[in-house]
$ cat input28.cif   # mmCIF, C-alpha atoms
data_target
#
loop_
_atom_site.group_PDB
_atom_site.id
_atom_site.type_symbol
_atom_site.label_atom_id
_atom_site.label_comp_id
_atom_site.auth_asym_id
_atom_site.auth_seq_id
_atom_site.Cartn_x
_atom_site.Cartn_y
_atom_site.Cartn_z
ATOM 1 C CA MET X 1 21.118 -23.025 -28.083
ATOM 2 C CA SER X 2 24.271 -23.108 -30.185
ATOM 3 C CA ILE X 3 25.471 -20.044 -28.218
ATOM 4 C CA GLN X 4 26.146 -20.243 -24.493
ATOM 5 C CA THR X 5 26.937 -17.666 -21.851
ATOM 6 C CA SER X 6 30.190 -17.999 -19.932
ATOM 7 C CA GLY X 7 28.677 -16.613 -16.737
ATOM 8 C CA LEU X 8 27.187 -13.642 -14.943
ATOM 9 C CA HIS X 9 27.876 -10.139 -16.260
ATOM 10 C CA HIS X 10 26.153 -7.990 -13.607
ATOM 11 C CA VAL X 11 23.152 -7.667 -11.322
ATOM 12 C CA THR X 12 21.132 -4.429 -11.286
ATOM 13 C CA ALA X 13 19.037 -3.499 -8.256
ATOM 14 C CA ILE X 14 16.892 -0.610 -7.059
ATOM 15 C CA GLY X 15 18.344 1.457 -4.226
ATOM 16 C CA GLY X 16 17.095 4.270 -2.048
ATOM 17 C CA ASP X 17 19.282 7.188 -0.958
ATOM 18 C CA PRO X 18 22.290 7.328 -3.339
ATOM 19 C CA GLN X 19 24.778 8.562 -0.721
ATOM 20 C CA ARG X 20 23.814 5.739 1.630
ATOM 21 C CA ASN X 21 24.227 3.311 -1.260
ATOM 22 C CA VAL X 22 27.731 4.604 -2.054
ATOM 23 C CA ASP X 23 28.762 4.505 1.601
ATOM 24 C CA PHE X 24 27.709 0.880 2.025
ATOM 25 C CA TYR X 25 29.117 -0.600 -1.168
ATOM 26 C CA LEU X 26 32.417 1.283 -0.997
ATOM 27 C CA ARG X 27 33.023 1.387 2.750
ATOM 28 C CA ALA X 28 31.339 -1.772 4.053
ATOM 29 C CA LEU X 29 31.785 -4.093 1.052
ATOM 30 C CA GLY X 30 35.021 -2.570 -0.239
ATOM 31 C CA LEU X 31 33.999 -2.518 -3.912
ATOM 32 C CA ARG X 32 35.182 0.092 -6.383
ATOM 33 C CA LEU X 33 32.781 2.631 -7.868
ATOM 34 C CA VAL X 34 33.710 2.032 -11.495
ATOM 35 C CA LYS X 35 31.149 4.302 -13.154
ATOM 36 C CA THR X 36 28.977 7.193 -12.080
ATOM 37 C CA THR X 37 26.402 7.803 -14.767
ATOM 38 C CA VAL X 38 22.609 8.098 -15.068
ATOM 39 C CA ASN X 39 19.713 5.883 -15.918
ATOM 40 C CA PHE X 40 19.563 6.443 -19.682
ATOM 41 C CA ASP X 41 15.763 6.120 -19.588
ATOM 42 C CA ASP X 42 15.428 8.451 -16.565
ATOM 43 C CA PRO X 43 18.427 10.842 -16.567
ATOM 44 C CA GLY X 44 17.347 12.473 -13.324
ATOM 45 C CA THR X 45 18.451 9.298 -11.530
ATOM 46 C CA TYR X 46 21.964 7.962 -11.031
ATOM 47 C CA HIS X 47 23.140 4.629 -12.369
ATOM 48 C CA LEU X 48 25.992 3.527 -10.099
ATOM 49 C CA TYR X 49 28.267 0.601 -11.011
ATOM 50 C CA TYR X 50 30.401 -1.209 -8.411
ATOM 51 C CA GLY X 51 32.945 -3.932 -9.099
ATOM 52 C CA ASP X 52 36.611 -4.846 -9.071
ATOM 53 C CA GLY X 53 39.491 -2.570 -10.086
ATOM 54 C CA SER X 54 38.460 -2.317 -13.725
ATOM 55 C CA GLY X 55 34.806 -3.302 -13.527
ATOM 56 C CA ARG X 56 35.262 -6.623 -15.286
ATOM 57 C CA PRO X 57 32.126 -8.528 -16.265
ATOM 58 C CA GLY X 58 31.235 -10.912 -13.475
ATOM 59 C CA SER X 59 32.324 -8.526 -10.711
ATOM 60 C CA LEU X 60 29.522 -5.990 -11.042
ATOM 61 C CA ILE X 61 26.503 -4.940 -9.063
ATOM 62 C CA THR X 62 24.736 -1.775 -10.233
ATOM 63 C CA PHE X 63 22.001 0.432 -8.818
ATOM 64 C CA PHE X 64 19.287 2.844 -9.811
ATOM 65 C CA PRO X 65 18.974 4.755 -6.500
ATOM 66 C CA TRP X 66 15.654 6.563 -6.110
ATOM 67 C CA LYS X 67 15.563 8.544 -2.864
ATOM 68 C CA ASP X 68 12.178 8.386 -1.084
ATOM 69 C CA ALA X 69 10.851 5.727 -3.479
ATOM 70 C CA PRO X 70 8.704 2.961 -1.914
ATOM 71 C CA LEU X 71 10.169 -0.305 -0.713
ATOM 72 C CA GLY X 72 9.727 -3.363 -2.865
ATOM 73 C CA ARG X 73 8.652 -6.836 -1.822
ATOM 74 C CA ARG X 74 10.775 -9.953 -2.134
ATOM 75 C CA GLY X 75 8.911 -12.869 -3.626
ATOM 76 C CA THR X 76 8.537 -15.114 -6.611
ATOM 77 C CA GLY X 77 9.282 -13.822 -10.091
ATOM 78 C CA GLN X 78 12.505 -12.149 -8.905
ATOM 79 C CA ALA X 79 16.165 -12.658 -8.252
ATOM 80 C CA THR X 80 15.911 -12.694 -4.460
ATOM 81 C CA THR X 81 19.548 -13.139 -3.361
ATOM 82 C CA THR X 82 22.755 -11.815 -4.923
ATOM 83 C CA SER X 83 25.880 -13.636 -3.755
ATOM 84 C CA PHE X 84 29.533 -12.583 -3.860
ATOM 85 C CA SER X 85 32.605 -14.803 -3.758
ATOM 86 C CA VAL X 86 35.145 -14.426 -0.923
ATOM 87 C CA PRO X 87 38.116 -16.534 0.258
ATOM 88 C CA GLU X 88 37.297 -19.571 2.404
ATOM 89 C CA SER X 89 39.076 -18.188 5.476
ATOM 90 C CA SER X 90 37.289 -14.818 5.407
ATOM 91 C CA LEU X 91 33.728 -15.407 6.558
ATOM 92 C CA GLY X 92 34.472 -14.929 10.252
ATOM 93 C CA TRP X 93 36.153 -11.621 9.519
ATOM 94 C CA TRP X 94 33.228 -10.541 7.335
ATOM 95 C CA ARG X 95 30.640 -11.404 9.974
ATOM 96 C CA GLN X 96 32.329 -9.117 12.495
ATOM 97 C CA HIS X 97 32.939 -6.405 9.896
ATOM 98 C CA LEU X 98 29.327 -6.332 8.677
ATOM 99 C CA ALA X 99 27.959 -6.330 12.215
ATOM 100 C CA LYS X 100 30.132 -3.303 13.004
ATOM 101 C CA ALA X 101 28.773 -1.642 9.849
ATOM 102 C CA GLY X 102 25.227 -2.133 11.162
ATOM 103 C CA ALA X 103 24.154 -4.707 8.589
ATOM 104 C CA PRO X 104 21.739 -7.453 9.713
ATOM 105 C CA VAL X 105 23.875 -10.587 9.307
ATOM 106 C CA SER X 106 23.262 -14.315 9.805
ATOM 107 C CA GLU X 107 25.380 -17.036 11.311
ATOM 108 C CA ILE X 108 27.747 -18.805 8.908
ATOM 109 C CA LYS X 109 25.796 -21.604 7.249
ATOM 110 C CA GLY X 110 26.919 -24.558 5.138
ATOM 111 C CA ARG X 111 25.172 -25.852 2.048
ATOM 112 C CA ASP X 112 26.244 -27.995 -0.902
ATOM 113 C CA GLY X 113 29.930 -27.928 0.030
ATOM 114 C CA GLU X 114 29.962 -24.143 0.500
ATOM 115 C CA GLU X 115 29.768 -21.817 3.485
ATOM 116 C CA ALA X 116 27.714 -18.636 3.277
ATOM 117 C CA LEU X 117 26.895 -15.523 5.243
ATOM 118 C CA LEU X 118 23.522 -13.901 4.562
ATOM 119 C CA PHE X 119 22.976 -10.169 5.170
ATOM 120 C CA ARG X 120 21.074 -7.144 3.896
ATOM 121 C CA ASP X 121 22.142 -3.751 2.621
ATOM 122 C CA PRO X 122 20.618 -0.549 4.108
ATOM 123 C CA ASP X 123 17.618 -0.784 1.735
ATOM 124 C CA GLY X 124 16.896 -4.410 2.618
ATOM 125 C CA LEU X 125 18.438 -5.990 -0.509
ATOM 126 C CA GLU X 126 19.342 -9.577 0.366
ATOM 127 C CA LEU X 127 23.004 -10.388 -0.248
ATOM 128 C CA SER X 128 25.350 -13.177 0.712
ATOM 129 C CA LEU X 129 29.069 -13.869 0.831
ATOM 130 C CA VAL X 130 29.999 -17.395 -0.231
ATOM 131 C CA ALA X 131 33.240 -19.264 0.360
ATOM 132 C CA HIS X 132 33.389 -21.816 -2.447
ATOM 133 C CA PRO X 133 35.754 -24.806 -2.102
ATOM 134 C CA GLN X 134 36.928 -24.143 -5.665
ATOM 135 C CA GLU X 135 39.471 -21.328 -5.316
ATOM 136 C CA ASP X 136 38.382 -18.141 -7.068
ATOM 137 C CA PRO X 137 41.246 -16.972 -9.322
ATOM 138 C CA ARG X 138 39.876 -13.445 -9.794
ATOM 139 C CA ASP X 139 41.826 -10.585 -8.274
ATOM 140 C CA PRO X 140 40.041 -8.293 -5.804
ATOM 141 C CA TRP X 141 39.999 -4.503 -5.786
ATOM 142 C CA ASP X 142 43.106 -4.113 -3.639
ATOM 143 C CA HIS X 143 42.905 -0.345 -3.093
ATOM 144 C CA GLY X 144 39.534 -0.454 -1.400
ATOM 145 C CA LEU X 145 38.544 -0.195 2.246
ATOM 146 C CA VAL X 146 38.571 -3.967 2.858
ATOM 147 C CA PRO X 147 41.918 -5.808 3.261
ATOM 148 C CA PRO X 148 42.803 -7.646 0.004
ATOM 149 C CA GLU X 149 43.077 -11.009 1.780
ATOM 150 C CA HIS X 150 39.370 -10.791 2.650
ATOM 151 C CA ALA X 151 38.084 -8.747 -0.291
ATOM 152 C CA ILE X 152 35.250 -9.752 -2.604
ATOM 153 C CA ARG X 153 36.461 -11.494 -5.774
ATOM 154 C CA GLY X 154 33.308 -10.924 -7.813
ATOM 155 C CA LEU X 155 29.816 -12.292 -8.139
ATOM 156 C CA HIS X 156 29.313 -15.865 -7.003
ATOM 157 C CA SER X 157 25.704 -16.561 -7.983
ATOM 158 C CA VAL X 158 22.134 -15.343 -8.035
ATOM 159 C CA THR X 159 19.036 -17.034 -6.661
ATOM 160 C CA LEU X 160 15.791 -16.879 -8.652
ATOM 161 C CA SER X 161 12.570 -17.529 -6.721
ATOM 162 C CA VAL X 162 9.791 -19.168 -8.743
ATOM 163 C CA THR X 163 6.490 -20.929 -8.175
ATOM 164 C CA ALA X 164 7.372 -23.795 -10.568
ATOM 165 C CA GLU X 165 10.772 -24.803 -11.886
ATOM 166 C CA GLN X 166 10.146 -26.419 -15.268
ATOM 167 C CA ALA X 167 9.760 -23.365 -17.525
ATOM 168 C CA THR X 168 12.516 -21.385 -15.781
ATOM 169 C CA ALA X 169 14.871 -24.364 -15.956
ATOM 170 C CA GLY X 170 14.101 -24.655 -19.665
ATOM 171 C CA THR X 171 15.054 -21.010 -20.242
ATOM 172 C CA LEU X 172 18.331 -21.413 -18.344
ATOM 173 C CA THR X 173 19.369 -24.540 -20.214
ATOM 174 C CA GLU X 174 17.865 -23.953 -23.655
ATOM 175 C CA ASP X 175 18.092 -20.157 -24.054
ATOM 176 C CA LEU X 176 21.232 -19.398 -22.003
ATOM 177 C CA GLY X 177 23.079 -22.697 -22.385
ATOM 178 C CA LEU X 178 23.514 -23.422 -18.659
ATOM 179 C CA ARG X 179 23.833 -26.942 -17.253
ATOM 180 C CA PHE X 180 21.778 -28.463 -14.450
ATOM 181 C CA VAL X 181 24.274 -29.668 -11.824
ATOM 182 C CA GLY X 182 22.199 -30.739 -8.855
ATOM 183 C CA GLN X 183 19.297 -30.319 -6.455
ATOM 184 C CA GLU X 184 19.054 -29.960 -2.690
ATOM 185 C CA GLY X 185 15.463 -29.928 -1.483
ATOM 186 C CA ASN X 186 13.584 -27.198 -3.364
ATOM 187 C CA ARG X 187 16.810 -25.565 -4.626
ATOM 188 C CA LEU X 188 18.133 -26.419 -8.097
ATOM 189 C CA ARG X 189 21.599 -25.313 -9.236
ATOM 190 C CA PHE X 190 22.722 -24.495 -12.767
ATOM 191 C CA GLU X 191 26.121 -23.383 -14.012
ATOM 192 C CA ALA X 192 27.597 -21.767 -17.122
ATOM 193 C CA GLY X 193 30.927 -22.058 -18.875
ATOM 194 C CA ASP X 194 33.664 -23.641 -16.774
ATOM 195 C CA GLY X 195 31.533 -23.543 -13.632
ATOM 196 C CA GLY X 196 32.512 -22.195 -10.229
ATOM 197 C CA PRO X 197 32.037 -18.715 -8.737
ATOM 198 C CA GLY X 198 30.563 -16.206 -11.167
ATOM 199 C CA SER X 199 28.809 -18.817 -13.286
ATOM 200 C CA LEU X 200 26.072 -20.069 -10.966
ATOM 201 C CA VAL X 201 22.334 -19.603 -10.597
ATOM 202 C CA ASP X 202 20.108 -21.280 -8.040
ATOM 203 C CA VAL X 203 16.391 -21.715 -8.672
ATOM 204 C CA LEU X 204 14.391 -21.732 -5.436
ATOM 205 C CA VAL X 205 10.942 -23.281 -5.915
ATOM 206 C CA ARG X 206 8.368 -21.698 -3.567
ATOM 207 C CA PRO X 207 4.875 -22.414 -4.953
ATOM 208 C CA GLY X 208 3.047 -20.838 -2.013
ATOM 209 C CA ASP X 209 5.005 -17.587 -1.861
ATOM 210 C CA GLU X 210 3.633 -14.179 -2.742
ATOM 211 C CA ARG X 211 4.634 -12.551 -6.014
ATOM 212 C CA GLY X 212 7.463 -10.068 -5.578
ATOM 213 C CA LEU X 213 7.252 -6.350 -6.309
ATOM 214 C CA VAL X 214 10.288 -4.679 -7.899
ATOM 215 C CA ALA X 215 11.070 -1.418 -6.083
ATOM 216 C CA VAL X 216 13.649 -0.256 -3.522
ATOM 217 C CA GLY X 217 15.565 -3.160 -1.995
ATOM 218 C CA THR X 218 14.956 -5.641 -4.819
ATOM 219 C CA VAL X 219 16.763 -6.784 -7.968
ATOM 220 C CA HIS X 220 15.650 -5.233 -11.252
ATOM 221 C CA HIS X 221 17.412 -7.655 -13.612
ATOM 222 C CA VAL X 222 20.225 -10.192 -13.964
ATOM 223 C CA ALA X 223 22.702 -9.913 -16.851
ATOM 224 C CA TRP X 224 24.650 -12.735 -18.500
ATOM 225 C CA ARG X 225 27.837 -12.462 -20.553
ATOM 226 C CA VAL X 226 28.292 -12.623 -24.301
ATOM 227 C CA PRO X 227 31.798 -12.011 -25.721
ATOM 228 C CA ASP X 228 31.048 -9.566 -28.529
ATOM 229 C CA GLU X 229 28.377 -7.835 -30.588
ATOM 230 C CA ALA X 230 28.457 -10.305 -33.488
ATOM 231 C CA THR X 231 27.698 -13.187 -31.134
ATOM 232 C CA GLN X 232 24.972 -11.129 -29.491
ATOM 233 C CA VAL X 233 23.280 -10.535 -32.862
ATOM 234 C CA SER X 234 23.331 -14.278 -33.583
ATOM 235 C CA TRP X 235 22.020 -15.041 -30.119
ATOM 236 C CA ARG X 236 19.171 -12.560 -30.493
ATOM 237 C CA ASP X 237 18.229 -14.126 -33.835
ATOM 238 C CA GLU X 238 18.145 -17.574 -32.235
ATOM 239 C CA LEU X 239 15.950 -16.325 -29.392
ATOM 240 C CA LEU X 240 13.522 -14.753 -31.858
ATOM 241 C CA ASP X 241 13.402 -17.998 -33.844
ATOM 242 C CA ARG X 242 12.460 -19.788 -30.626
ATOM 243 C CA GLY X 243 9.563 -17.394 -30.054
ATOM 244 C CA VAL X 244 11.185 -15.435 -27.209
ATOM 245 C CA ARG X 245 10.083 -11.799 -26.913
ATOM 246 C CA VAL X 246 13.437 -10.037 -26.877
ATOM 247 C CA THR X 247 14.290 -6.337 -27.193
ATOM 248 C CA GLU X 248 16.317 -4.640 -29.848
ATOM 249 C CA ILE X 249 20.043 -4.330 -29.129
ATOM 250 C CA LEU X 250 20.469 -1.309 -26.856
ATOM 251 C CA ASP X 251 23.601 0.801 -26.470
ATOM 252 C CA ARG X 252 24.516 1.012 -22.780
ATOM 253 C CA GLN X 253 27.775 2.847 -23.587
ATOM 254 C CA TYR X 254 29.978 0.324 -21.750
ATOM 255 C CA PHE X 255 28.308 -2.747 -23.248
ATOM 256 C CA ARG X 256 25.449 -3.623 -25.618
ATOM 257 C CA SER X 257 22.349 -5.305 -24.236
ATOM 258 C CA ILE X 258 19.277 -7.310 -25.080
ATOM 259 C CA TYR X 259 16.527 -8.111 -22.573
ATOM 260 C CA PHE X 260 13.874 -10.770 -22.191
ATOM 261 C CA ARG X 261 11.830 -12.176 -19.320
ATOM 262 C CA GLU X 262 12.076 -15.805 -18.259
ATOM 263 C CA PRO X 263 8.729 -17.579 -17.681
ATOM 264 C CA GLY X 264 9.036 -17.357 -13.886
ATOM 265 C CA GLY X 265 9.075 -13.556 -14.123
ATOM 266 C CA THR X 266 12.705 -12.439 -13.715
ATOM 267 C CA LEU X 267 14.008 -9.931 -16.266
ATOM 268 C CA LEU X 268 17.198 -11.214 -17.898
ATOM 269 C CA GLU X 269 19.801 -9.364 -19.937
ATOM 270 C CA VAL X 270 22.531 -10.585 -22.280
ATOM 271 C CA ALA X 271 25.368 -8.037 -22.230
ATOM 272 C CA THR X 272 28.597 -7.833 -24.221
ATOM 273 C CA ASP X 273 31.942 -7.924 -22.420
ATOM 274 C CA GLY X 274 33.095 -4.707 -24.099
ATOM 275 C CA PRO X 275 33.860 -1.944 -24.658
ATOM 276 C CA GLY X 276 34.193 -1.647 -20.864
ATOM 277 C CA PHE X 277 34.347 1.174 -18.348
ATOM 278 C CA ALA X 278 37.604 2.727 -19.534
ATOM 279 C CA ALA X 279 35.864 3.711 -22.787
ATOM 280 C CA ASP X 280 35.294 7.289 -21.615
ATOM 281 C CA GLU X 281 37.720 7.886 -18.731
ATOM 282 C CA PRO X 282 41.156 6.632 -17.582
ATOM 283 C CA LEU X 283 41.264 3.441 -15.546
ATOM 284 C CA LEU X 284 42.765 5.222 -12.526
ATOM 285 C CA GLU X 285 39.913 7.747 -12.463
ATOM 286 C CA LEU X 286 36.943 5.405 -12.848
ATOM 287 C CA GLY X 287 33.792 6.512 -11.068
ATOM 288 C CA ARG X 288 35.014 9.875 -9.818
ATOM 289 C CA ALA X 289 33.181 12.082 -12.333
ATOM 290 C CA LEU X 290 29.682 12.009 -13.811
ATOM 291 C CA LYS X 291 29.844 10.449 -17.266
ATOM 292 C CA LEU X 292 27.036 10.847 -19.784
ATOM 293 C CA PRO X 293 26.450 9.237 -23.165
ATOM 294 C CA PRO X 294 26.828 11.553 -26.181
ATOM 295 C CA TRP X 295 23.066 11.962 -26.640
ATOM 296 C CA LEU X 296 22.688 13.320 -23.088
ATOM 297 C CA GLU X 297 25.723 15.641 -23.082
ATOM 298 C CA PRO X 298 23.696 18.632 -24.351
ATOM 299 C CA SER X 299 21.585 18.339 -21.175
ATOM 300 C CA ARG X 300 24.529 17.957 -18.763
ATOM 301 C CA GLU X 301 23.915 21.154 -16.797
ATOM 302 C CA GLN X 302 20.226 20.359 -16.279
ATOM 303 C CA ILE X 303 20.989 16.744 -15.316
ATOM 304 C CA GLN X 304 23.663 17.727 -12.812
ATOM 305 C CA ARG X 305 21.300 20.168 -11.123
ATOM 306 C CA ALA X 306 18.732 17.401 -10.652
ATOM 307 C CA LEU X 307 21.173 14.903 -9.129
ATOM 308 C CA PRO X 308 22.187 14.995 -5.450
ATOM 309 C CA LYS X 309 25.895 15.504 -4.838
ATOM 310 C CA LEU X 310 27.824 12.386 -3.850
ATOM 311 C CA GLU X 311 30.661 12.388 -1.315
ATOM 312 C CA LEU X 312 33.192 9.694 -2.197
ATOM 313 C CA PRO X 313 36.004 8.317 0.019
ATOM 314 C CA ALA X 314 39.338 10.001 -0.682
#
$ encode --input "input28.cif" --output "structure tokens"
Amino acid sequence: MSIQTSGLHHVTAIGGDPQRNVDFYLRALGLRLVKTTVNFDDPGTYHLYYGDGSGRPGSLITFFPWKDAPLGRRGTGQATTTSFSVPESSLGWWRQHLAKAGAPVSEIKGRDGEEALLFRDPDGLELSLVAHPQEDPRDPWDHGLVPPEHAIRGLHSVTLSVTAEQATAGTLTEDLGLRFVGQEGNRLRFEAGDGGPGSLVDVLVRPGDERGLVAVGTVHHVAWRVPDEATQVSWRDELLDRGVRVTEILDRQYFRSIYFREPGGTLLEVATDGPGFAADEPLLELGRALKLPPWLEPSREQIQRALPKLELPA
């Protein structure tokens, strides 16, 4: 590809009870709720975006929370672990903090020069906190409920589980422009842009594992960054020329998106960096009010009646 992503944009997962989701990601993980909107394809469901102070690309995890929906199944054909970057000295603090919050949490484990803490959110979504030896220059959300010296800096990486690596590796290198940087056992690592936290994807090869089922507690898709709409158009044209089945460009209000599925099964998105989350409300007020795209505004009253009320920290 002549066009390359600079790194992760966001990860979108399926949640259960929306209030429980808000409580965990704001109170336990200390992220900022940067946008409260709806699933544009199912306006009776929230779409909740969490990230740093302004919701910069690379800091974001988002959820479609469906209360009482069935649990999914982790397996191949999915992004099975979403990892966040934290300071090297913080993992001990995080282990105690998450245990107090009731999250199932592992011992601190080392791998490939990094230390990581594996845990699950209340719906069973597998997450990890990674202390990378390369200092993460990104600023945390410093008005959250986690002390700034320990706070999450943004996404670190995602792990894709596959039955065979060759086709997935080809998509990452040829269609997204990532570089293969190493292998440890059945885990292959790729990086984008300048490398480091926020640019990494691990491919975990598990040929005997069961196929995953996307529902509550699993990742729906992984989004990669593109700087602007013009580059996205060129990228889409290149993908089509390569025979990739890619969607039309879709207006997500805060970015523009295209989607395609890599051969291992994971749904991928290429999302523009702009216009960003301050497009329809002031930066200081992000996430506090329900925001709808113009085409759904005429149905605001009906949509609000269908959505459960959310209680946010003061």
$ resolve_selection --input "input28.cif" --expression "the PyMOL selection byres ((chain X and resi 30) around 10)" --output "PyMOL selection string"
chain X and resi 23-29+31-33+50-52+140-148+150-152
$ atom_distance --input "input28.cif" --atom1 "CA of Arg189 in chain X" --atom2 "CA of Ser54 in chain X"
28.9 Å
$ residues_around --input "input28.cif" --residues "Glu135 in chain X" --least-positions-apart "4" --cutoff "12 Å" --atoms "all atoms listed in the file" --output "NGL selection string"
:X and (85-89 or 114 or 130-131 or 139 or 153 or 156 or 195-198)
$ residues_around --input "input28.cif" --residues "range 229-234 of chain X" --least-positions-apart "2" --cutoff "12 Å" --atoms "all atoms listed in the file" --output "ChimeraX atom specification"
/X:1-5,176,224-227,236-241,246-251,255-259,269-275
$ resolve_selection --input "input28.cif" --expression "the PyMOL selection byres ((chain X and resi 105) around 8)" --output "PDB file with C-alpha atoms, in the coordinates of the input"
ATOM      1  CA  ARG X  95      30.640 -11.404   9.974  1.00  0.00           C
ATOM      2  CA  LEU X  98      29.327  -6.332   8.677  1.00  0.00           C
ATOM      3  CA  ALA X  99      27.959  -6.330  12.215  1.00  0.00           C
ATOM      4  CA  ALA X 103      24.154  -4.707   8.589  1.00  0.00           C
ATOM      5  CA  PRO X 104      21.739  -7.453   9.713  1.00  0.00           C
ATOM      6  CA  SER X 106      23.262 -14.315   9.805  1.00  0.00           C
ATOM      7  CA  GLU X 107      25.380 -17.036  11.311  1.00  0.00           C
ATOM      8  CA  LEU X 117      26.895 -15.523   5.243  1.00  0.00           C
ATOM      9  CA  LEU X 118      23.522 -13.901   4.562  1.00  0.00           C
ATOM     10  CA  PHE X 119      22.976 -10.169   5.170  1.00  0.00           C
ATOM     11  CA  ARG X 120      21.074  -7.144   3.896  1.00  0.00           C
TER      12      ARG X 120
END
$ decode --input "input28.cif" --residues "range 32-64 of chain X" --atoms "C-alpha atoms" --output "PDB file, in the first residue's frame"
ATOM      1  CA  ARG X  32     -13.453  10.417  30.225  1.00  0.00           C
ATOM      2  CA  LEU X  33     -16.865   9.919  28.637  1.00  0.00           C
ATOM      3  CA  VAL X  34     -16.222  12.041  25.562  1.00  0.00           C
ATOM      4  CA  LYS X  35     -19.471  11.392  23.693  1.00  0.00           C
ATOM      5  CA  THR X  36     -22.907  10.112  24.576  1.00  0.00           C
ATOM      6  CA  THR X  37     -24.736   9.319  21.375  1.00  0.00           C
ATOM      7  CA  VAL X  38     -26.595   6.380  19.805  1.00  0.00           C
ATOM      8  CA  ASN X  39     -25.850   3.561  17.456  1.00  0.00           C
ATOM      9  CA  PHE X  40     -26.715   5.239  14.149  1.00  0.00           C
ATOM     10  CA  ASP X  41     -27.985   1.912  12.782  1.00  0.00           C
ATOM     11  CA  ASP X  42     -30.001   1.139  15.948  1.00  0.00           C
ATOM     12  CA  PRO X  43     -30.931   4.469  17.610  1.00  0.00           C
ATOM     13  CA  GLY X  44     -32.603   2.740  20.535  1.00  0.00           C
ATOM     14  CA  THR X  45     -29.125   1.803  21.780  1.00  0.00           C
ATOM     15  CA  TYR X  46     -26.422   4.065  23.174  1.00  0.00           C
ATOM     16  CA  HIS X  47     -23.017   4.474  21.585  1.00  0.00           C
ATOM     17  CA  LEU X  48     -20.660   5.508  24.393  1.00  0.00           C
ATOM     18  CA  TYR X  49     -17.136   6.794  23.683  1.00  0.00           C
ATOM     19  CA  TYR X  50     -14.408   6.842  26.356  1.00  0.00           C
ATOM     20  CA  GLY X  51     -10.941   8.326  25.995  1.00  0.00           C
ATOM     21  CA  ASP X  52      -8.593  11.063  27.124  1.00  0.00           C
ATOM     22  CA  GLY X  53      -9.547  14.688  27.802  1.00  0.00           C
ATOM     23  CA  SER X  54     -10.488  15.471  24.215  1.00  0.00           C
ATOM     24  CA  GLY X  55     -11.090  11.993  22.834  1.00  0.00           C
ATOM     25  CA  ARG X  56      -8.027  11.985  20.609  1.00  0.00           C
ATOM     26  CA  PRO X  57      -7.672   9.128  18.133  1.00  0.00           C
ATOM     27  CA  GLY X  58      -5.659   6.370  19.745  1.00  0.00           C
ATOM     28  CA  SER X  59      -7.156   6.917  23.206  1.00  0.00           C
ATOM     29  CA  LEU X  60     -10.641   5.589  22.510  1.00  0.00           C
ATOM     30  CA  ILE X  61     -12.686   2.579  23.456  1.00  0.00           C
ATOM     31  CA  THR X  62     -16.380   2.692  22.532  1.00  0.00           C
ATOM     32  CA  PHE X  63     -19.402   0.559  23.353  1.00  0.00           C
ATOM     33  CA  PHE X  64     -22.790  -0.454  22.064  1.00  0.00           C
TER      34      PHE X  64
END
